[in-house]
Amino acid sequence: MKRTKTIIYLLMGVGFGILAAVFLLRSSRIITYLEHQSLDSFSAAAVEREGKAAEALSLADGAGKSCYEITAAVIAEIRPGRALPAAAELCGKEGKSLCGLEPEVISDRSAFPDSGSDCSVLKIWIPFRMRPRAAEECSILFLDEEGAPWDLSAVVSLECFGGDRDPFWTGLGVFALVFALVFLAGGLAASCSKKRASGESWMTAMLVAALSFAVMSVLASEFNPLILDENDNILGGMLQSGSGYVMYRDFISQHTPFAYWLCALFARLGAKAFGQFRLLFALLFGITFGGLFFRFRKRRFAPAIALFAVFYGPLSFMLIPGNAGQVLSDNIQAAAMAVLLIELAAYYEDHGMDAARAFIISLSIFAAVGSAFMAVYAVFACMTAFFMEEFSFFRRKGKTFSFFLSRYLLLAGCVLAPWILAALYLGLNGALDDAFEMAFRFNMEVYAGYSLESSNPLKPLFGGCIRIGELLIHTWEEWRAGSVKQARLFESAMILMTAAVLAVSAFRRGLAQTFGLLFFIETQAVRAAVKFHSIMLWSVVFLFLLMELPDLSAELLFRRPKERKGSSGECGTSDPASAKMGKRNSGRLAMLFFYAGLILLFFGPAYCRLGKNVLDYRIEPVPEAEAELAALTEKGEKIFLDAGALKTEYIFYKGREPLGRLCWTLPWYYEWYEDETRELLLREKPRAAFYKPNLTVWGVSGFSKEIDEIIEREYVKQGQDALYVRKA
């Protein structure tokens, strides 16, 4: 059995290696940004067609230079009244056909001014595996219905789409290949080693990480658009990495800094677009929970960690579809809170506090509170659960004061360490005062007037119960009205199951653990119980149920009946303890497979449809206004920017930088930073601005009148988007 298991691992390693090699050599993502350029003049290239000379459309401009390193697509505009080509072929440097191309008519409504007739527009996608790197040496041969070369004189304009090869994708492919080789080497070593179980545990953990990343990567696609909160984190990270900015000193934000620093790390690893940042976040998620699975591989809840790692993506997609997988503070906090729950569950079993546990708790707290300050309430609940159990468990052990002092000094030192290091970094860079002003005082004095939160600082400690209760009531009312959503039903079902498990837990675990878990779970809803601010609650509830339901179900369904007395009045003999344990483990495993099957059946179809949409999705060209902004400016040039108007990070990819510290046109920011922004705009007089005047945010308008007047007085709008150019 063990040898069979090792062989399966080896085969999986070989499969991973093949997939990684294919990804590395035939990556479907070579370029990150799809740029476009219209060619004013184009020429024909001599090619060979069935032994005869023919003319093909060159992919170079009039000077014989390629528009891009890699050409992805071509749009040809065909003269009105001329027959359309039926097929096309991509020809290489020597004029020989590389592959067939199927042209697609994408428009028949473009009118020429001189003729008044409609023309046809053909769009031709070049397969990823055949995209030419030296596009100036390649050409497209059009064919008519009979397979003969088509007349190029019918082409009146040509537009090329493409971009530069991005080493990020090659690096990701290399990482996948190395990962697969390590997995394969681990399998070979395990098959030859006496410590086969340890090697197989490593491979299982790697498998959990790989599956988690594979499932989560579906959510990383640009198919899911960028939102302001995510854009804020990514922009802050890119500026710190590429332009040497320091948080708060050079970039205004009301948020705590962890999400920005995490994105700065991703930028250092080569991320340049929001899809890449999401992929690295998914990779970090998979590695984190794969590592936790290995750490607790011998615990009863180890399978729950694996199921959570794999199914968290589908869960978040169902509950917060537009925000699942995004690099949001809420998603970071959700992962951190899941880690805290795992460590809390392990602590309930062993009551230990070693350096590893203290380090993981410290990092989780820093990630959660460092991403969203409101997470401090859930952290307080977790610490309350810990100390309640400490008092309940160790008071019976007669431990001395020195015992507790050593435990708490280690924990306190680890928890404080990252905050001290962060303060030192900000202080040495002259940003500590700004950090206090923005991340704390600004939120208390300004943003509190917009967030509609209660001024009572104690309400978040019990406000989660109120929000969860409101969710249950609304779900019931919507169900009676016949308009309830599937996500709301699932949320309510999870809450009711959690309540039932906690009620049973009061008898199995005692009141201290039960109240601690209840307090920790309900404080996850400190901000909301629905939409993306609620994902912390549902990640913890989902993981808690995966930990507890299989054991509880197995205990109820597979327990042995009580022995009956025989005719002699003596009790029957009981099974050995090992047999009882074996039956309990078998029952737990059966229930794990049962719940995994239910989850797969429930989440699978919708997630498979999402996966198909992602695979079918073709990256969109860079928005015209953002491409024009990059063309009007030079690398390193400052532009006046409202980042909320951007749809991509293309201008930062091109090396443009925002003018000043404030990148967002929001009413709460303008209360403190409008004067600074106005003076900088008047003094520096940037050539270009990307800005939307007369904004209304959360029902507030007219908050940026002075900036609006400057833009409308000194700049001219270009097109219909947010691009403005300074008057001559």
# chains A, B, ... in the order shown; residues from 1 in each chain; ligands from 1
$ residues_around --residues "Lys685 (chain A)" --least-positions-apart "2" --cutoff "12 Å" --atoms "only C-alpha atoms" --output "list in words"
Glu637, Lys638, Ile639, Phe640, Leu659, Gly660, Thr677, Arg678, Glu679, Leu680, Leu681, Leu682, Arg683, Arg687, Ala688, Ala689, Ile710, Ile711, Glu714, Tyr715, Val725, Arg726, Lys727 and Ala728 of chain A
$ residues_around --residues "Ala76 (chain A)" --least-positions-apart "4" --cutoff "10 Å" --atoms "only C-alpha atoms" --output "ChimeraX atom specification"
/A:38,57,103,105,120-124,154-160
$ atom_distance --atom1 "CA of Leu141 (chain A)" --atom2 "CA of Glu55 (chain A)"
7.0 Å
$ residues_around --residues "Phe293 (chain A)" --least-positions-apart "3" --cutoff "10 Å" --atoms "only C-alpha atoms" --output "list in words"
Ser201, Trp202, Thr204, Ala205, Met206, Val208, Ala209, Ile287, Thr288, Phe289, Gly290, Phe296, Arg297, Lys298, Arg299, Phe301, Ala302, Pro303, Ala304, Ile305, Ala306, Ala309 and Ile342 of chain A
$ residues_around --residues "Arg488 (chain A)" --least-positions-apart "5" --cutoff "12 Å" --atoms "only C-alpha atoms" --output "JSON, numbers by chain"
{"A": [318, 319, 320, 468, 470, 471, 472, 473, 474, 475, 476, 477, 478, 479, 483, 493, 494, 495, 529, 530, 531, 538]}
$ write_last_selection --atoms "N, CA and C atoms" --output "PDB file, in the first residue's frame"
ATOM      1  N   MET A 318     -18.259  32.304  -4.697  1.00  0.00           N
ATOM      2  CA  MET A 318     -19.707  32.258  -4.552  1.00  0.00           C
ATOM      3  C   MET A 318     -20.224  33.395  -3.672  1.00  0.00           C
ATOM      4  N   LEU A 319     -19.472  33.745  -2.617  1.00  0.00           N
ATOM      5  CA  LEU A 319     -19.957  34.731  -1.655  1.00  0.00           C
ATOM      6  C   LEU A 319     -19.618  36.166  -2.053  1.00  0.00           C
ATOM      7  N   ILE A 320     -18.437  36.383  -2.624  1.00  0.00           N
ATOM      8  CA  ILE A 320     -18.036  37.737  -3.049  1.00  0.00           C
ATOM      9  C   ILE A 320     -17.486  37.656  -4.474  1.00  0.00           C
ATOM     10  N   ILE A 468     -24.827  39.318  12.120  1.00  0.00           N
ATOM     11  CA  ILE A 468     -25.170  37.934  11.781  1.00  0.00           C
ATOM     12  C   ILE A 468     -26.663  37.695  11.972  1.00  0.00           C
ATOM     13  N   GLU A 470     -29.007  39.972  11.726  1.00  0.00           N
ATOM     14  CA  GLU A 470     -29.690  40.662  10.628  1.00  0.00           C
ATOM     15  C   GLU A 470     -29.627  39.841   9.341  1.00  0.00           C
ATOM     16  N   LEU A 471     -28.488  39.191   9.110  1.00  0.00           N
ATOM     17  CA  LEU A 471     -28.360  38.337   7.932  1.00  0.00           C
ATOM     18  C   LEU A 471     -29.391  37.215   7.967  1.00  0.00           C
ATOM     19  N   LEU A 472     -29.524  36.555   9.098  1.00  0.00           N
ATOM     20  CA  LEU A 472     -30.486  35.452   9.210  1.00  0.00           C
ATOM     21  C   LEU A 472     -31.918  35.943   9.011  1.00  0.00           C
ATOM     22  N   ILE A 473     -32.242  37.092   9.586  1.00  0.00           N
ATOM     23  CA  ILE A 473     -33.600  37.640   9.440  1.00  0.00           C
ATOM     24  C   ILE A 473     -33.882  38.005   7.989  1.00  0.00           C
ATOM     25  N   HIS A 474     -32.936  38.676   7.331  1.00  0.00           N
ATOM     26  CA  HIS A 474     -33.136  39.075   5.930  1.00  0.00           C
ATOM     27  C   HIS A 474     -33.248  37.855   5.020  1.00  0.00           C
ATOM     28  N   THR A 475     -32.437  36.840   5.307  1.00  0.00           N
ATOM     29  CA  THR A 475     -32.511  35.619   4.494  1.00  0.00           C
ATOM     30  C   THR A 475     -33.886  34.967   4.634  1.00  0.00           C
ATOM     31  N   TRP A 476     -34.392  34.911   5.864  1.00  0.00           N
ATOM     32  CA  TRP A 476     -35.718  34.338   6.100  1.00  0.00           C
ATOM     33  C   TRP A 476     -36.788  35.136   5.371  1.00  0.00           C
ATOM     34  N   GLU A 477     -36.723  36.454   5.434  1.00  0.00           N
ATOM     35  CA  GLU A 477     -37.716  37.295   4.764  1.00  0.00           C
ATOM     36  C   GLU A 477     -37.637  37.136   3.247  1.00  0.00           C
ATOM     37  N   GLU A 478     -36.408  37.071   2.706  1.00  0.00           N
ATOM     38  CA  GLU A 478     -36.249  36.894   1.260  1.00  0.00           C
ATOM     39  C   GLU A 478     -36.715  35.502   0.830  1.00  0.00           C
ATOM     40  N   TRP A 479     -36.484  34.491   1.686  1.00  0.00           N
ATOM     41  CA  TRP A 479     -36.936  33.145   1.343  1.00  0.00           C
ATOM     42  C   TRP A 479     -38.458  33.087   1.289  1.00  0.00           C
ATOM     43  N   SER A 483     -37.315  35.391  -3.148  1.00  0.00           N
ATOM     44  CA  SER A 483     -36.259  36.133  -3.849  1.00  0.00           C
ATOM     45  C   SER A 483     -34.893  35.948  -3.206  1.00  0.00           C
ATOM     46  N   ALA A 493     -26.967  28.879   6.272  1.00  0.00           N
ATOM     47  CA  ALA A 493     -26.801  27.470   6.641  1.00  0.00           C
ATOM     48  C   ALA A 493     -25.499  27.272   7.413  1.00  0.00           C
ATOM     49  N   MET A 494     -24.414  27.922   6.980  1.00  0.00           N
ATOM     50  CA  MET A 494     -23.139  27.793   7.685  1.00  0.00           C
ATOM     51  C   MET A 494     -23.241  28.352   9.102  1.00  0.00           C
ATOM     52  N   ILE A 495     -23.945  29.484   9.258  1.00  0.00           N
ATOM     53  CA  ILE A 495     -24.095  30.079  10.587  1.00  0.00           C
ATOM     54  C   ILE A 495     -24.891  29.159  11.508  1.00  0.00           C
ATOM     55  N   ALA A 529     -21.508  41.342   7.461  1.00  0.00           N
ATOM     56  CA  ALA A 529     -21.758  39.902   7.341  1.00  0.00           C
ATOM     57  C   ALA A 529     -22.109  39.530   5.906  1.00  0.00           C
ATOM     58  N   VAL A 530     -22.106  40.505   5.004  1.00  0.00           N
ATOM     59  CA  VAL A 530     -22.348  40.267   3.582  1.00  0.00           C
ATOM     60  C   VAL A 530     -21.346  41.087   2.775  1.00  0.00           C
ATOM     61  N   LYS A 531     -21.188  40.723   1.503  1.00  0.00           N
ATOM     62  CA  LYS A 531     -20.282  41.379   0.562  1.00  0.00           C
ATOM     63  C   LYS A 531     -18.830  41.223   1.006  1.00  0.00           C
ATOM     64  N   TRP A 538     -16.564  34.442   6.840  1.00  0.00           N
ATOM     65  CA  TRP A 538     -16.879  33.184   6.161  1.00  0.00           C
ATOM     66  C   TRP A 538     -15.667  32.284   6.024  1.00  0.00           C
TER      67      TRP A 538
END
$ closest_residue --among "A:Ile521, A:Leu629, A:Leu662, A:Val182" --to "Phe690 (chain A)" --atoms "only C-alpha atoms"
A:Leu629
$ residues_around --residues "Gly604 (chain A)" --least-positions-apart "4" --cutoff "12 Å" --atoms "only C-alpha atoms" --output "list in words"
Val215, Val310, Phe311, Gly313, Pro314, Leu315, Phe317, Met318, Ala596, Gly597, Leu598, Ile599, Leu600, Cys608, Arg609, Leu610 and Gly611 of chain A
$ atom_distance --atom1 "CA of Ile332 (chain A)" --atom2 "CA of Phe258 (chain A)"
9.3 Å
$ residues_around --residues "Tyr248 (chain A)" --least-positions-apart "3" --cutoff "8 Å" --atoms "only C-alpha atoms" --output "JSON, numbers by chain"
{"A": [251, 252, 253, 431, 434, 435, 438]}
$ atom_distance --atom1 "CA of Asp354 (chain A)" --atom2 "CA of Arg509 (chain A)"
23.1 Å
